[in-house]
>>> print(open('coords07.txt').read())   # compact mmCIF, C-alpha atoms
# COMPACT_ATOMS: atom_id res chain seq x y z
CA THR K 1 38.80 -10.16 -32.20
CA MET K 2 36.02 -9.76 -34.75
CA LYS K 3 35.16 -13.48 -34.65
CA ARG K 4 34.74 -13.33 -30.86
CA GLN K 5 32.48 -10.25 -31.11
CA VAL K 6 30.28 -11.93 -33.73
CA LEU K 7 29.95 -15.05 -31.57
CA LEU K 8 29.09 -12.95 -28.53
CA LEU K 9 26.45 -11.03 -30.49
CA PHE K 10 25.00 -14.32 -31.77
CA PHE K 11 24.64 -15.69 -28.23
CA VAL K 12 23.11 -12.45 -26.94
CA VAL K 13 20.52 -12.50 -29.74
CA LEU K 14 19.84 -16.20 -29.15
CA ALA K 15 19.36 -15.65 -25.40
CA PHE K 16 17.09 -12.65 -25.98
CA HIS K 17 14.98 -14.54 -28.51
CA SER K 18 14.51 -17.52 -26.19
CA ALA K 19 13.37 -15.20 -23.37
CA LEU K 20 10.41 -13.93 -25.40
CA ALA K 21 7.34 -15.97 -26.22
CA HIS K 22 3.86 -15.32 -27.52
CA ILE K 23 0.95 -17.66 -26.92
CA SER K 24 -2.69 -17.00 -27.68
CA TYR K 25 -5.69 -18.72 -26.16
CA SER K 26 -9.30 -18.43 -27.28
CA ILE K 27 -12.06 -19.02 -24.79
CA PRO K 28 -15.84 -18.85 -25.04
CA GLU K 29 -17.45 -15.96 -23.22
CA GLU K 30 -19.18 -16.51 -19.91
CA MET K 31 -16.90 -19.34 -18.77
CA ALA K 32 -17.27 -19.98 -15.06
CA LYS K 33 -14.84 -18.44 -12.60
CA GLY K 34 -11.95 -20.85 -12.01
CA SER K 35 -12.27 -22.55 -15.42
CA LEU K 36 -9.02 -23.68 -17.04
CA VAL K 37 -7.84 -21.53 -19.95
CA GLY K 38 -4.52 -23.27 -20.55
CA ASN K 39 -1.39 -24.76 -19.06
CA ILE K 40 1.05 -21.93 -19.71
CA ALA K 41 4.03 -23.75 -18.19
CA GLN K 42 3.53 -26.74 -20.48
CA ASP K 43 2.77 -24.61 -23.55
CA LEU K 44 5.92 -22.51 -23.03
CA GLY K 45 8.01 -25.55 -22.16
CA LEU K 46 8.82 -24.17 -18.71
CA SER K 47 9.02 -25.93 -15.39
CA VAL K 48 6.61 -24.60 -12.77
CA LYS K 49 9.65 -23.75 -10.64
CA ARG K 50 11.01 -21.55 -13.43
CA LEU K 51 7.62 -19.86 -13.82
CA LYS K 52 7.55 -19.04 -10.09
CA THR K 53 11.13 -17.77 -9.89
CA GLY K 54 10.70 -15.73 -13.06
CA LYS K 55 7.80 -13.86 -11.46
CA GLY K 56 5.42 -14.70 -14.30
CA ARG K 57 2.30 -12.54 -14.58
CA VAL K 58 -0.61 -11.78 -16.86
CA TYR K 59 -0.76 -8.28 -18.31
CA SER K 60 -4.03 -6.71 -19.39
CA GLY K 61 -4.20 -3.39 -21.20
CA ASP K 62 -7.16 -2.23 -19.14
CA ASN K 63 -7.81 -2.31 -15.41
CA ARG K 64 -9.94 -5.46 -15.38
CA ASP K 65 -8.35 -8.82 -14.80
CA PHE K 66 -10.33 -11.60 -16.39
CA ILE K 67 -7.52 -14.15 -16.37
CA GLU K 68 -5.20 -15.12 -13.51
CA LEU K 69 -1.96 -17.05 -13.44
CA ASN K 70 -1.67 -19.83 -10.89
CA THR K 71 2.11 -19.98 -10.49
CA GLU K 72 1.91 -22.99 -8.17
CA ARG K 73 0.56 -25.16 -11.01
CA GLY K 74 1.46 -23.13 -14.13
CA LEU K 75 -2.16 -22.66 -15.15
CA LEU K 76 -4.17 -19.79 -16.59
CA LEU K 77 -7.62 -19.61 -15.02
CA VAL K 78 -10.72 -17.48 -15.51
CA LYS K 79 -10.69 -14.91 -12.71
CA GLU K 80 -13.90 -13.11 -13.63
CA ARG K 81 -16.73 -14.09 -15.98
CA ILE K 82 -16.32 -12.42 -19.38
CA ASP K 83 -19.49 -10.86 -20.79
CA ARG K 84 -18.95 -9.44 -24.27
CA GLU K 85 -22.12 -7.33 -24.20
CA ALA K 86 -21.06 -5.67 -20.95
CA LEU K 87 -17.54 -5.03 -22.26
CA CYS K 88 -18.45 -3.77 -25.72
CA GLY K 89 -21.82 -2.20 -24.99
>>> encode(input="coords07.txt", output="structure tokens")
Amino acid sequence: TMKRQVLLLFFVVLAFHSALAHISYSIPEEMAKGSLVGNIAQDLGLSVKRLKTGKGRVYSGDNRDFIELNTERGLLLVKERIDREALCG
């Protein structure tokens, strides 16, 4: 029926919306390797178990990885020191 189709569409849209999230973090340049950027599991409201089973990862548009995801603890950490002059110069 039409009512059933509308309900199904509503639940599909709701499930899709809850699967997407956007979080931004700002960090000062030249933070030491291993410094805490943020607790992504806590900020997304996810359990660490869910983060691990969902194969969470950090995507960077270029080839350099400055941030790493510790899936055991749900943390974002500085992987490599960020030097703005070296990146932009």
>>> residues_around(input="coords07.txt", residues="Asp83 in chain K", least_positions_apart="5", cutoff="10 Å", atoms="all atoms listed in the file", output="PDB file with C-alpha atoms, keeping the file's coordinate frame")
ATOM      1  CA  PRO K  28     -15.840 -18.850 -25.040  1.00  0.00           C
ATOM      2  CA  GLU K  29     -17.450 -15.960 -23.220  1.00  0.00           C
ATOM      3  CA  GLU K  30     -19.180 -16.510 -19.910  1.00  0.00           C
ATOM      4  CA  MET K  31     -16.900 -19.340 -18.770  1.00  0.00           C
ATOM      5  CA  CYS K  88     -18.450  -3.770 -25.720  1.00  0.00           C
ATOM      6  CA  GLY K  89     -21.820  -2.200 -24.990  1.00  0.00           C
TER       7      GLY K  89
END
>>> closest_residue(input="coords07.txt", among="K:Leu75, K:Ile82, K:Leu69, K:Val58", to="Gln42 in chain K", atoms="all atoms listed in the file")
K:Leu75
>>> atom_distance(input="coords07.txt", atom1="CA of Gly56 in chain K", atom2="CA of Glu68 in chain K")
10.7 Å
>>> atom_distance(input="coords07.txt", atom1="CA of Leu36 in chain K", atom2="CA of Asp65 in chain K")
15.0 Å
>>> residues_around(input="coords07.txt", residues="Leu46 in chain K", least_positions_apart="2", cutoff="12 Å", atoms="only C-alpha atoms", output="JSON, numbers by chain")
{"K": [18, 19, 21, 39, 40, 41, 42, 43, 44, 48, 49, 50, 51, 52, 53, 54, 56, 71, 73, 74, 75]}
>>> atom_distance(input="coords07.txt", atom1="CA of Val78 in chain K", atom2="CA of Val37 in chain K")
6.7 Å
>>> residues_around(input="coords07.txt", residues="Lys33 in chain K", least_positions_apart="5", cutoff="7 Å", atoms="all atoms listed in the file", output="ChimeraX atom specification")
/K:78-81
